[in-house]
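S.K.: Pasting in a structure now, in structure tokens, and then I'll have a few things to ask.
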Amino acid sequence: MNITILDNATLAKTSLTCIEQLGKLTTYELTSPEQVIEHCQDADVLITNKAVLNRDTISQLTQLKLICVSATGTNNVDLEAAKKFGIAVTNVAGYSTPSVVQHTFSLITNLLGNTHRYQADCQQGAWQKSDMFCILDYSFNDLQGKTFAIIGGGTLGKGVAKVAEAFGANVIVAERKGVKCRDGRTPFEEAVKTADIISVHCPLTDETRDLISLNELKMMKPSSIIINTARGGIINEADLAKALEQNLIAGAGVDVLTKEPAELSNPLANYKGNNLLLTPHIAWASTESIVRLINEVSLNITAFNNGESRNRLV
């Protein structure tokens with residue numbers, strides 16, 4: 001069995017032994033759209049994270065039996081085309097939950113404590129020049145007692161809620177915008193207005209695109225912060241940059257953008273204020289998370305070979 005990985009760079013040089021044991025493995029660090037057909041030609045099994053497999057490509061891969069998406073989202077694979085041509089498709093869910101939860105709180109605690117600003121001052125010698133044993137130039141705020149609103153009540157939202165409660169925060173889960181509020185949820189606008197911290201963990205859909213725009217940012221407390229480790233596009237990027245520049249909110253932590261890698265013109269990538277922490281889509285990618293991902297992909301392939309349905313989408 002020929003197994004091909006189209007974007008091995010996304011696996012951060014992690015051991016592939018469990019996959020190598022299943023067949024002849026060929027890896028490509030990255031695959032451009034122009035290289036897809038060439039790189040896929042001899043594969044029985046394809047593993048892709050972001051490389052696009054559209055209808056035209058799938059129709060030409062007559063040897064292909066299985067597509068393994070090494071991620072949860074499958075928008076890079078034409079599932080209808082795969083079904084038409086008899087190609088199975090699997091994904092992996094839940095592998096990155098600990099990693100995303102941890103990175104979410106890394107962003108939150110750094111913003112609340114202004115850690116990045118104090119670190120920069122120390123590197124520039126400000127502590128060495130201080131007349132006092134400590135420097136108290138920037139605010140340092142507790143998580144305890146804060147109202148912590150979660151948008152997206154799935155596995156990630158629940159994981160973040162658990163940690164927030166351990167810090168002593170008052171956790172609320174926002175209801176979907178414009179929907180009758182269910183028990184245990186807080187109406188969307190009320191959550192936005194009352195929250196000290198908003199953390200986004202919902203998928204990007206037509207319903208959630210620009211869910212947080214200038215209108216919602218103006219509703220937020222001037223002392224509040226917002227975190228997005230979900231998907232770019234849920235928070236309007238130009239509006240968020242404007243809100244940060246005008247101090248409509250206290251800060252933001254963002255790990256995802258509408259287009260990735262970041263475009264040179266992206267307003268958040270160009271923002272120079274110290275009330276934004278921008279990281280390059282790394283929340284999912286702890287070492288342990290990637291190991292779990294690779295193991296899950298190998299189990300998906302094994303199950304397919306055994307005629308079993310495991311994480312099957314098609």
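In the structure tokens, each chain is lettered A, B, ... as it comes, each chain's residues begin at 1, and ligands are numbered from 1 in order of appearance.
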Can you pull out every residue within 7 Å of segment 281-285 of chain A, counting only C-alpha atoms, but drop anything in the same chain fewer than 6 positions away, and send it as a list in words?

M.R.: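 Final neighbour list, sorted by chain and number: Ser96, Ser99, Val100, His103, Thr229, Asp255 and Val256 of chain A.
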
S.K.: Could you save the residues just selected, with all heavy atoms, as a compact mmCIF listing (two decimals), in the first residue's frame?

M.R.:
```txt
# COMPACT_ATOMS: atom_id res chain seq x y z
N SER A 96 -6.59 17.90 19.76
CA SER A 96 -5.89 19.13 20.13
C SER A 96 -6.55 19.88 21.28
O SER A 96 -6.11 20.99 21.62
CB SER A 96 -5.81 20.06 18.91
OG SER A 96 -7.12 20.46 18.50
N SER A 99 -4.24 21.20 24.05
CA SER A 99 -3.34 22.22 23.51
C SER A 99 -4.04 23.55 23.31
O SER A 99 -3.53 24.61 23.68
CB SER A 99 -2.78 21.72 22.17
OG SER A 99 -1.87 22.64 21.61
N VAL A 100 -5.26 23.52 22.74
CA VAL A 100 -6.00 24.75 22.49
C VAL A 100 -6.41 25.41 23.80
O VAL A 100 -6.31 26.64 23.95
CB VAL A 100 -7.25 24.47 21.61
CG1 VAL A 100 -8.11 25.72 21.49
CG2 VAL A 100 -6.83 23.99 20.23
N HIS A 103 -3.33 27.10 25.28
CA HIS A 103 -2.91 28.32 24.58
C HIS A 103 -3.91 29.45 24.82
O HIS A 103 -3.51 30.62 24.91
CB HIS A 103 -2.77 28.06 23.08
CG HIS A 103 -2.12 29.18 22.35
ND1 HIS A 103 -0.80 29.53 22.53
CD2 HIS A 103 -2.60 30.06 21.44
CE1 HIS A 103 -0.50 30.57 21.77
NE2 HIS A 103 -1.58 30.91 21.10
N THR A 229 -9.23 31.59 19.39
CA THR A 229 -8.39 30.45 18.99
C THR A 229 -9.21 29.48 18.15
O THR A 229 -8.84 28.31 18.02
CB THR A 229 -7.82 29.73 20.23
OG1 THR A 229 -8.91 29.33 21.09
CG2 THR A 229 -6.86 30.61 20.99
N ASP A 255 -5.21 33.88 17.46
CA ASP A 255 -4.34 32.83 16.93
C ASP A 255 -4.70 32.44 15.50
O ASP A 255 -3.98 31.66 14.88
CB ASP A 255 -4.43 31.58 17.83
CG ASP A 255 -3.46 30.49 17.42
OD1 ASP A 255 -2.24 30.75 17.41
OD2 ASP A 255 -3.93 29.37 17.10
N VAL A 256 -5.79 33.01 14.98
CA VAL A 256 -6.28 32.61 13.66
C VAL A 256 -6.71 33.84 12.87
O VAL A 256 -7.24 34.80 13.43
CB VAL A 256 -7.47 31.64 13.79
CG1 VAL A 256 -7.01 30.27 14.23
CG2 VAL A 256 -8.51 32.18 14.77
```

S.K.: Determine, counting only C-alpha atoms, which protein, DNA and RNA residues have an atom within 7 Å of an atom of Ala241 of chain A; residues of the same chain fewer than 5 positions away are not included. Present the result as a CSV table (one decimal) with all heavy atoms, in the first residue's frame.

M.R.:
```
chain,number,residue,atom,x,y,z
A,267,PRO,N,-5.0,43.8,8.8
A,267,PRO,CA,-5.0,44.9,9.8
A,267,PRO,C,-4.5,44.4,11.1
A,267,PRO,O,-3.9,45.2,11.8
A,267,PRO,CB,-6.4,45.3,9.8
A,267,PRO,CG,-7.2,44.2,9.3
A,267,PRO,CD,-6.4,43.6,8.3
A,268,LEU,N,-4.7,43.1,11.5
A,268,LEU,CA,-4.1,42.7,12.7
A,268,LEU,C,-2.6,42.3,12.6
A,268,LEU,O,-1.9,42.6,13.6
A,268,LEU,CB,-4.9,41.4,13.2
A,268,LEU,CG,-6.4,41.7,13.6
A,268,LEU,CD1,-7.1,40.4,14.0
A,268,LEU,CD2,-6.5,42.8,14.6
A,271,TYR,N,-0.9,45.6,13.0
A,271,TYR,CA,-1.2,46.4,14.2
A,271,TYR,C,0.0,46.4,15.1
A,271,TYR,O,0.6,45.3,15.4
A,271,TYR,CB,-2.4,45.8,14.9
A,271,TYR,CG,-2.8,46.6,16.1
A,271,TYR,CD1,-3.5,47.8,16.0
A,271,TYR,CD2,-2.5,46.2,17.4
A,271,TYR,CE1,-3.9,48.6,17.0
A,271,TYR,CE2,-2.9,46.9,18.5
A,271,TYR,CZ,-3.6,48.1,18.3
A,271,TYR,OH,-4.0,48.9,19.4
```

S.K.: Can you list, as number ranges by chain, every protein, DNA or RNA residue that comes within 12 Å of segment 179-193 of chain A when you count only C-alpha atoms, leaving out same-chain residues fewer than 5 positions away?

M.R.: A: 147-153, 170-174, 198-200, 207, 211-213, 215-226, 249

S.K.: Can I get the selection written as a PDB file, in the first residue's frame, with C-alpha atoms?

M.R.:
```
ATOM      1  CA  THR A 147     -17.195  37.211  34.150  1.00  0.00           C
ATOM      2  CA  PHE A 148     -15.910  34.799  31.529  1.00  0.00           C
ATOM      3  CA  ALA A 149     -18.141  34.397  28.461  1.00  0.00           C
ATOM      4  CA  ILE A 150     -17.652  31.452  26.134  1.00  0.00           C
ATOM      5  CA  ILE A 151     -18.940  31.530  22.565  1.00  0.00           C
ATOM      6  CA  GLY A 152     -19.273  27.936  21.445  1.00  0.00           C
ATOM      7  CA  GLY A 153     -20.334  25.342  23.989  1.00  0.00           C
ATOM      8  CA  ASN A 170     -17.777  33.273  36.762  1.00  0.00           C
ATOM      9  CA  VAL A 171     -18.369  31.333  33.532  1.00  0.00           C
ATOM     10  CA  ILE A 172     -21.309  31.988  31.230  1.00  0.00           C
ATOM     11  CA  VAL A 173     -21.994  30.405  27.844  1.00  0.00           C
ATOM     12  CA  ALA A 174     -23.422  32.725  25.203  1.00  0.00           C
ATOM     13  CA  ILE A 198     -14.813  36.596  25.845  1.00  0.00           C
ATOM     14  CA  SER A 199     -13.309  33.411  24.432  1.00  0.00           C
ATOM     15  CA  VAL A 200     -14.426  32.189  20.992  1.00  0.00           C
ATOM     16  CA  GLU A 207     -24.017  32.198  10.712  1.00  0.00           C
ATOM     17  CA  LEU A 211     -20.180  37.365  14.521  1.00  0.00           C
ATOM     18  CA  ILE A 212     -18.118  39.929  16.419  1.00  0.00           C
ATOM     19  CA  SER A 213     -17.906  43.202  14.498  1.00  0.00           C
ATOM     20  CA  ASN A 215     -21.179  46.819  16.840  1.00  0.00           C
ATOM     21  CA  GLU A 216     -20.415  44.023  19.320  1.00  0.00           C
ATOM     22  CA  LEU A 217     -16.990  45.417  20.186  1.00  0.00           C
ATOM     23  CA  LYS A 218     -18.640  48.711  21.158  1.00  0.00           C
ATOM     24  CA  MET A 219     -20.982  46.775  23.461  1.00  0.00           C
ATOM     25  CA  MET A 220     -18.050  45.305  25.380  1.00  0.00           C
ATOM     26  CA  LYS A 221     -16.624  46.834  28.523  1.00  0.00           C
ATOM     27  CA  PRO A 222     -13.593  49.088  27.904  1.00  0.00           C
ATOM     28  CA  SER A 223     -11.753  46.896  30.432  1.00  0.00           C
ATOM     29  CA  SER A 224     -12.604  43.612  28.675  1.00  0.00           C
ATOM     30  CA  ILE A 225     -10.499  41.341  26.468  1.00  0.00           C
ATOM     31  CA  ILE A 226     -11.454  38.962  23.664  1.00  0.00           C
ATOM     32  CA  ILE A 249     -11.634  47.227  24.635  1.00  0.00           C
TER      33      ILE A 249
END
```

S.K.: Let's see if you can do this: from backbone DSSP, list all strand (DSSP E or B) residues in segment 35-205 of chain A, as a ChimeraX atom specification.

M.R.: /A:45-48,53,66-69,77,88-90,147-151,170-174,186,197-200

S.K.: Neighbours of segment 1-17 of chain A within 6 Å (only C-alpha atoms; same-chain residues fewer than 3 positions away dropped), as a PyMOL selection string?

M.R.: chain A and resi 20+23-31+43-48

S.K.: Would you work out the distance separating atom CA of Lys83 of chain A from atom CA of Lys65 of chain A, expressed in Å to one decimal?

M.R.: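 Going from atom CA of Lys83 of chain A over to atom CA of Lys65 of chain A covers 10.8 Å.
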
S.K.: In terms of the shortest atom-to-atom distance over only C-alpha atoms, which of A:Ile227, A:Asp137, A:Trp127, A:Pro203 is closest to Val160 of chain A?

M.R.: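 The shortest atom-to-atom distance to Val160 of chain A comes from A:Ile227.
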
S.K.: Could you list, as a CSV table (one decimal) with N, CA, C and O atoms, in the first residue's frame, every residue within 10 Å of Thr62 of chain A, counting only C-alpha atoms and ignoring same-chain residues fewer than 3 positions away?

M.R.:
```csv
chain,number,residue,atom,x,y,z
A,41,GLN,N,-0.2,10.9,-7.5
A,41,GLN,CA,-0.4,10.0,-8.6
A,41,GLN,C,-0.4,8.5,-8.2
A,41,GLN,O,-1.2,7.7,-8.6
A,42,ASP,N,0.5,8.1,-7.4
A,42,ASP,CA,0.7,6.7,-7.1
A,42,ASP,C,0.1,6.3,-5.7
A,42,ASP,O,0.3,5.1,-5.3
A,43,ALA,N,-0.6,7.1,-5.1
A,43,ALA,CA,-1.1,6.9,-3.7
A,43,ALA,C,-2.3,6.0,-3.7
A,43,ALA,O,-3.3,6.3,-4.4
A,44,ASP,N,-2.3,5.1,-2.7
A,44,ASP,CA,-3.6,4.4,-2.3
A,44,ASP,C,-4.2,5.2,-1.2
A,44,ASP,O,-5.4,5.2,-1.1
A,58,ILE,N,-9.6,14.7,-7.6
A,58,ILE,CA,-10.0,13.4,-7.1
A,58,ILE,C,-10.4,12.5,-8.3
A,58,ILE,O,-10.2,11.3,-8.3
A,59,SER,N,-11.0,13.1,-9.3
A,59,SER,CA,-11.5,12.4,-10.5
A,59,SER,C,-10.3,11.7,-11.3
A,59,SER,O,-10.5,10.7,-12.0
A,65,LYS,N,-7.8,5.2,-2.7
A,65,LYS,CA,-8.8,4.5,-1.9
A,65,LYS,C,-9.3,5.2,-0.7
A,65,LYS,O,-10.4,5.1,-0.3
A,85,PHE,N,-16.7,8.9,-6.5
A,85,PHE,CA,-15.6,8.1,-7.0
A,85,PHE,C,-15.2,7.0,-6.1
A,85,PHE,O,-14.2,6.3,-6.3
A,86,GLY,N,-16.0,6.7,-5.0
A,86,GLY,CA,-15.8,5.6,-4.2
A,86,GLY,C,-14.5,5.7,-3.3
A,86,GLY,O,-13.9,4.6,-3.0
A,87,ILE,N,-14.2,6.9,-2.9
A,87,ILE,CA,-13.0,7.1,-2.0
A,87,ILE,C,-13.5,7.4,-0.6
A,87,ILE,O,-14.3,8.3,-0.4
```

S.K.: Select, from A:Cys68, A:Leu293, A:Ile197, A:Met132, the residue with the minimum atom-to-atom distance to Ala164 of chain A, counting only C-alpha atoms.

M.R.: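 Counting only C-alpha atoms, the residue closest to Ala164 of chain A is A:Ile197.
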
S.K.: Please compute the atom CA of Gln60 of chain A-atom CA of Glu34 of chain A distance, one decimal, in Å.

M.R.: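 Distance between the two atoms: 14.0 Å.
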
S.K.: Excluding Leu111 of chain A and any residue of its chain fewer than 6 positions from it, enumerate the residues within 12 Å of it, using only C-alpha atoms, and give them as a compact mmCIF listing (two decimals) with C-alpha atoms, in the first residue's frame.

M.R.:
```
# COMPACT_ATOMS: atom_id res chain seq x y z
CA THR A 104 -6.19 30.11 25.24
CA PHE A 105 -5.14 30.71 28.83
CA ARG A 117 5.25 44.31 28.22
CA TYR A 118 7.14 43.53 31.41
CA TYR A 138 1.25 48.25 33.79
CA SER A 139 -1.89 46.73 35.25
CA PHE A 140 -1.95 43.15 36.49
CA ASN A 141 -5.46 41.76 36.88
CA ASP A 142 -6.83 38.60 38.48
CA LEU A 143 -8.91 36.08 36.59
CA ILE A 197 -13.30 38.03 29.03
CA SER A 223 -11.75 46.90 30.43
CA SER A 224 -12.60 43.61 28.68
CA ILE A 225 -10.50 41.34 26.47
CA ILE A 226 -11.45 38.96 23.66
CA ILE A 227 -9.71 35.76 22.57
CA ILE A 249 -11.63 47.23 24.64
CA ALA A 250 -8.55 46.53 26.72
CA GLY A 251 -6.99 43.82 24.61
CA ALA A 252 -7.24 40.83 22.31
CA GLY A 253 -5.48 37.52 21.80
CA VAL A 254 -5.77 36.10 18.28
CA ASN A 274 0.77 46.29 22.79
CA ASN A 275 -2.87 45.43 23.57
CA LEU A 276 -2.86 42.70 20.91
CA LEU A 277 -1.19 39.30 21.15
CA LEU A 278 -1.09 37.64 17.73
```

S.K.: Please provide the set of residues having any atom within 8 Å of Ile294 of chain A, restricted to only C-alpha atoms, with same-chain residues fewer than 5 positions apart removed, written as a list of chain:residue names.

M.R.: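 Contacts, in chain order: A:Leu16, A:Cys18, A:Ile19, A:Ser70.
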
S.K.: According to DSSP computed on the backbone, where in segment 134-300 of chain A is there alpha helix (DSSP H)? Give the residues as a PDB file with N, CA and C atoms, in the first residue's frame.

M.R.:
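To be explicit, this is the file written out as result.pdb:
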```pdb
ATOM      1  N   THR A 155     -16.833  20.805  22.845  1.00  0.00           N
ATOM      2  CA  THR A 155     -15.762  20.199  23.642  1.00  0.00           C
ATOM      3  C   THR A 155     -14.727  21.228  24.076  1.00  0.00           C
ATOM      4  N   LEU A 156     -14.302  22.093  23.149  1.00  0.00           N
ATOM      5  CA  LEU A 156     -13.307  23.108  23.495  1.00  0.00           C
ATOM      6  C   LEU A 156     -13.874  24.119  24.478  1.00  0.00           C
ATOM      7  N   GLY A 157     -15.094  24.573  24.231  1.00  0.00           N
ATOM      8  CA  GLY A 157     -15.713  25.518  25.144  1.00  0.00           C
ATOM      9  C   GLY A 157     -15.829  24.945  26.548  1.00  0.00           C
ATOM     10  N   LYS A 158     -16.211  23.686  26.636  1.00  0.00           N
ATOM     11  CA  LYS A 158     -16.330  23.035  27.951  1.00  0.00           C
ATOM     12  C   LYS A 158     -14.962  22.912  28.622  1.00  0.00           C
ATOM     13  N   GLY A 159     -13.932  22.603  27.828  1.00  0.00           N
ATOM     14  CA  GLY A 159     -12.583  22.498  28.390  1.00  0.00           C
ATOM     15  C   GLY A 159     -12.092  23.825  28.940  1.00  0.00           C
ATOM     16  N   VAL A 160     -12.351  24.905  28.207  1.00  0.00           N
ATOM     17  CA  VAL A 160     -11.969  26.240  28.666  1.00  0.00           C
ATOM     18  C   VAL A 160     -12.768  26.626  29.900  1.00  0.00           C
ATOM     19  N   ALA A 161     -14.050  26.299  29.909  1.00  0.00           N
ATOM     20  CA  ALA A 161     -14.899  26.624  31.060  1.00  0.00           C
ATOM     21  C   ALA A 161     -14.373  25.971  32.327  1.00  0.00           C
ATOM     22  N   LYS A 162     -13.945  24.731  32.229  1.00  0.00           N
ATOM     23  CA  LYS A 162     -13.439  24.002  33.394  1.00  0.00           C
ATOM     24  C   LYS A 162     -12.225  24.697  34.002  1.00  0.00           C
ATOM     25  N   VAL A 163     -11.312  25.134  33.132  1.00  0.00           N
ATOM     26  CA  VAL A 163     -10.102  25.810  33.632  1.00  0.00           C
ATOM     27  C   VAL A 163     -10.451  27.191  34.176  1.00  0.00           C
ATOM     28  N   ALA A 164     -11.339  27.913  33.488  1.00  0.00           N
ATOM     29  CA  ALA A 164     -11.747  29.236  33.962  1.00  0.00           C
ATOM     30  C   ALA A 164     -12.374  29.150  35.349  1.00  0.00           C
ATOM     31  N   GLU A 165     -13.191  28.134  35.567  1.00  0.00           N
ATOM     32  CA  GLU A 165     -13.801  27.942  36.882  1.00  0.00           C
ATOM     33  C   GLU A 165     -12.756  27.629  37.933  1.00  0.00           C
ATOM     34  N   ALA A 166     -11.721  26.884  37.547  1.00  0.00           N
ATOM     35  CA  ALA A 166     -10.634  26.584  38.487  1.00  0.00           C
ATOM     36  C   ALA A 166      -9.897  27.852  38.912  1.00  0.00           C
ATOM     37  N   PHE A 188     -27.007  36.288  23.801  1.00  0.00           N
ATOM     38  CA  PHE A 188     -25.753  36.695  23.177  1.00  0.00           C
ATOM     39  C   PHE A 188     -25.345  38.117  23.543  1.00  0.00           C
ATOM     40  N   GLU A 189     -26.236  39.075  23.355  1.00  0.00           N
ATOM     41  CA  GLU A 189     -25.872  40.469  23.616  1.00  0.00           C
ATOM     42  C   GLU A 189     -25.572  40.706  25.090  1.00  0.00           C
ATOM     43  N   GLU A 190     -26.310  40.046  25.969  1.00  0.00           N
ATOM     44  CA  GLU A 190     -26.044  40.192  27.397  1.00  0.00           C
ATOM     45  C   GLU A 190     -24.660  39.660  27.753  1.00  0.00           C
ATOM     46  N   ALA A 191     -24.293  38.530  27.147  1.00  0.00           N
ATOM     47  CA  ALA A 191     -22.969  37.954  27.393  1.00  0.00           C
ATOM     48  C   ALA A 191     -21.872  38.911  26.939  1.00  0.00           C
ATOM     49  N   VAL A 192     -22.052  39.490  25.759  1.00  0.00           N
ATOM     50  CA  VAL A 192     -21.054  40.423  25.216  1.00  0.00           C
ATOM     51  C   VAL A 192     -20.922  41.654  26.107  1.00  0.00           C
ATOM     52  N   LYS A 193     -22.049  42.172  26.594  1.00  0.00           N
ATOM     53  CA  LYS A 193     -22.038  43.399  27.385  1.00  0.00           C
ATOM     54  C   LYS A 193     -21.480  43.197  28.790  1.00  0.00           C
ATOM     55  N   THR A 194     -21.696  42.029  29.376  1.00  0.00           N
ATOM     56  CA  THR A 194     -21.325  41.823  30.782  1.00  0.00           C
ATOM     57  C   THR A 194     -19.962  41.159  30.957  1.00  0.00           C
ATOM     58  N   LEU A 214     -17.754  45.600  14.747  1.00  0.00           N
ATOM     59  CA  LEU A 214     -17.613  46.833  15.527  1.00  0.00           C
ATOM     60  C   LEU A 214     -18.804  47.047  16.451  1.00  0.00           C
ATOM     61  N   ASN A 215     -19.983  46.661  16.010  1.00  0.00           N
ATOM     62  CA  ASN A 215     -21.179  46.819  16.840  1.00  0.00           C
ATOM     63  C   ASN A 215     -21.034  46.074  18.166  1.00  0.00           C
ATOM     64  N   GLU A 216     -20.587  44.822  18.103  1.00  0.00           N
ATOM     65  CA  GLU A 216     -20.415  44.023  19.320  1.00  0.00           C
ATOM     66  C   GLU A 216     -19.228  44.520  20.143  1.00  0.00           C
ATOM     67  N   LEU A 217     -18.164  44.924  19.470  1.00  0.00           N
ATOM     68  CA  LEU A 217     -16.990  45.417  20.186  1.00  0.00           C
ATOM     69  C   LEU A 217     -17.317  46.683  20.977  1.00  0.00           C
ATOM     70  N   LYS A 218     -18.207  47.511  20.439  1.00  0.00           N
ATOM     71  CA  LYS A 218     -18.640  48.711  21.158  1.00  0.00           C
ATOM     72  C   LYS A 218     -19.509  48.366  22.362  1.00  0.00           C
ATOM     73  N   MET A 219     -20.176  47.214  22.317  1.00  0.00           N
ATOM     74  CA  MET A 219     -20.982  46.775  23.461  1.00  0.00           C
ATOM     75  C   MET A 219     -20.112  46.333  24.638  1.00  0.00           C
ATOM     76  N   GLU A 237     -11.693  41.399  11.392  1.00  0.00           N
ATOM     77  CA  GLU A 237     -10.326  41.787  11.719  1.00  0.00           C
ATOM     78  C   GLU A 237     -10.105  43.298  11.654  1.00  0.00           C
ATOM     79  N   ALA A 238     -10.661  43.950  10.660  1.00  0.00           N
ATOM     80  CA  ALA A 238     -10.521  45.404  10.560  1.00  0.00           C
ATOM     81  C   ALA A 238     -11.203  46.095  11.734  1.00  0.00           C
ATOM     82  N   ASP A 239     -12.370  45.603  12.111  1.00  0.00           N
ATOM     83  CA  ASP A 239     -13.097  46.193  13.237  1.00  0.00           C
ATOM     84  C   ASP A 239     -12.355  45.978  14.551  1.00  0.00           C
ATOM     85  N   LEU A 240     -11.750  44.803  14.716  1.00  0.00           N
ATOM     86  CA  LEU A 240     -11.003  44.538  15.945  1.00  0.00           C
ATOM     87  C   LEU A 240      -9.784  45.453  16.039  1.00  0.00           C
ATOM     88  N   ALA A 241      -9.071  45.639  14.924  1.00  0.00           N
ATOM     89  CA  ALA A 241      -7.917  46.548  14.930  1.00  0.00           C
ATOM     90  C   ALA A 241      -8.353  47.957  15.301  1.00  0.00           C
ATOM     91  N   LYS A 242      -9.493  48.385  14.781  1.00  0.00           N
ATOM     92  CA  LYS A 242     -10.014  49.715  15.103  1.00  0.00           C
ATOM     93  C   LYS A 242     -10.366  49.811  16.590  1.00  0.00           C
ATOM     94  N   ALA A 243     -11.014  48.786  17.115  1.00  0.00           N
ATOM     95  CA  ALA A 243     -11.401  48.791  18.525  1.00  0.00           C
ATOM     96  C   ALA A 243     -10.186  48.832  19.441  1.00  0.00           C
ATOM     97  N   LEU A 244      -9.134  48.122  19.076  1.00  0.00           N
ATOM     98  CA  LEU A 244      -7.914  48.134  19.872  1.00  0.00           C
ATOM     99  C   LEU A 244      -7.219  49.489  19.803  1.00  0.00           C
ATOM    100  N   GLU A 245      -7.170  50.042  18.596  1.00  0.00           N
ATOM    101  CA  GLU A 245      -6.517  51.338  18.399  1.00  0.00           C
ATOM    102  C   GLU A 245      -7.238  52.446  19.169  1.00  0.00           C
ATOM    103  N   THR A 287       3.402  19.488  21.043  1.00  0.00           N
ATOM    104  CA  THR A 287       4.068  18.245  20.652  1.00  0.00           C
ATOM    105  C   THR A 287       3.161  17.046  20.900  1.00  0.00           C
ATOM    106  N   GLU A 288       2.531  17.039  22.069  1.00  0.00           N
ATOM    107  CA  GLU A 288       1.652  15.919  22.420  1.00  0.00           C
ATOM    108  C   GLU A 288       0.438  15.850  21.506  1.00  0.00           C
ATOM    109  N   SER A 289      -0.063  17.014  21.118  1.00  0.00           N
ATOM    110  CA  SER A 289      -1.217  17.073  20.228  1.00  0.00           C
ATOM    111  C   SER A 289      -0.895  16.455  18.872  1.00  0.00           C
ATOM    112  N   ILE A 290       0.264  16.772  18.331  1.00  0.00           N
ATOM    113  CA  ILE A 290       0.638  16.240  17.018  1.00  0.00           C
ATOM    114  C   ILE A 290       0.887  14.738  17.091  1.00  0.00           C
ATOM    115  N   VAL A 291       1.463  14.267  18.195  1.00  0.00           N
ATOM    116  CA  VAL A 291       1.630  12.816  18.380  1.00  0.00           C
ATOM    117  C   VAL A 291       0.271  12.125  18.390  1.00  0.00           C
ATOM    118  N   ARG A 292      -0.680  12.703  19.126  1.00  0.00           N
ATOM    119  CA  ARG A 292      -2.033  12.128  19.141  1.00  0.00           C
ATOM    120  C   ARG A 292      -2.635  12.111  17.740  1.00  0.00           C
ATOM    121  N   LEU A 293      -2.432  13.187  16.992  1.00  0.00           N
ATOM    122  CA  LEU A 293      -2.971  13.296  15.636  1.00  0.00           C
ATOM    123  C   LEU A 293      -2.426  12.193  14.739  1.00  0.00           C
ATOM    124  N   ILE A 294      -1.115  12.012  14.748  1.00  0.00           N
ATOM    125  CA  ILE A 294      -0.492  10.989  13.894  1.00  0.00           C
ATOM    126  C   ILE A 294      -0.971   9.594  14.289  1.00  0.00           C
ATOM    127  N   ASN A 295      -1.068   9.338  15.584  1.00  0.00           N
ATOM    128  CA  ASN A 295      -1.556   8.033  16.032  1.00  0.00           C
ATOM    129  C   ASN A 295      -2.988   7.789  15.567  1.00  0.00           C
ATOM    130  N   GLU A 296      -3.819   8.821  15.636  1.00  0.00           N
ATOM    131  CA  GLU A 296      -5.210   8.688  15.203  1.00  0.00           C
ATOM    132  C   GLU A 296      -5.299   8.418  13.703  1.00  0.00           C
ATOM    133  N   VAL A 297      -4.465   9.102  12.921  1.00  0.00           N
ATOM    134  CA  VAL A 297      -4.458   8.854  11.476  1.00  0.00           C
ATOM    135  C   VAL A 297      -4.072   7.402  11.194  1.00  0.00           C
ATOM    136  N   SER A 298      -3.060   6.909  11.895  1.00  0.00           N
ATOM    137  CA  SER A 298      -2.637   5.515  11.679  1.00  0.00           C
ATOM    138  C   SER A 298      -3.749   4.536  12.042  1.00  0.00           C
ATOM    139  N   LEU A 299      -4.498   4.833  13.097  1.00  0.00           N
ATOM    140  CA  LEU A 299      -5.618   3.972  13.484  1.00  0.00           C
ATOM    141  C   LEU A 299      -6.745   4.039  12.458  1.00  0.00           C
ATOM    142  N   ASN A 300      -6.942   5.220  11.854  1.00  0.00           N
ATOM    143  CA  ASN A 300      -7.950   5.340  10.784  1.00  0.00           C
ATOM    144  C   ASN A 300      -7.583   4.482   9.581  1.00  0.00           C
TER     145      ASN A 300
END
```

S.K.: In terms of the shortest atom-to-atom distance over only C-alpha atoms, which of A:Val92, A:Ile108, A:Val36, A:Leu61 is closest to Thr74 of chain A?

M.R.: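 Closest candidate: A:Val92.
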
S.K.: Using only C-alpha atoms, which of A:Lys129, A:Lys272, A:Arg312, A:Arg176 sits nearest Thr72 of chain A?

M.R.: A:Arg312

S.K.: By how many Å are atom CA of Pro261 of chain A and atom CA of Gly113 of chain A apart?

M.R.: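 Atom-to-atom, atom CA of Pro261 of chain A to atom CA of Gly113 of chain A, that is 28.3 Å.
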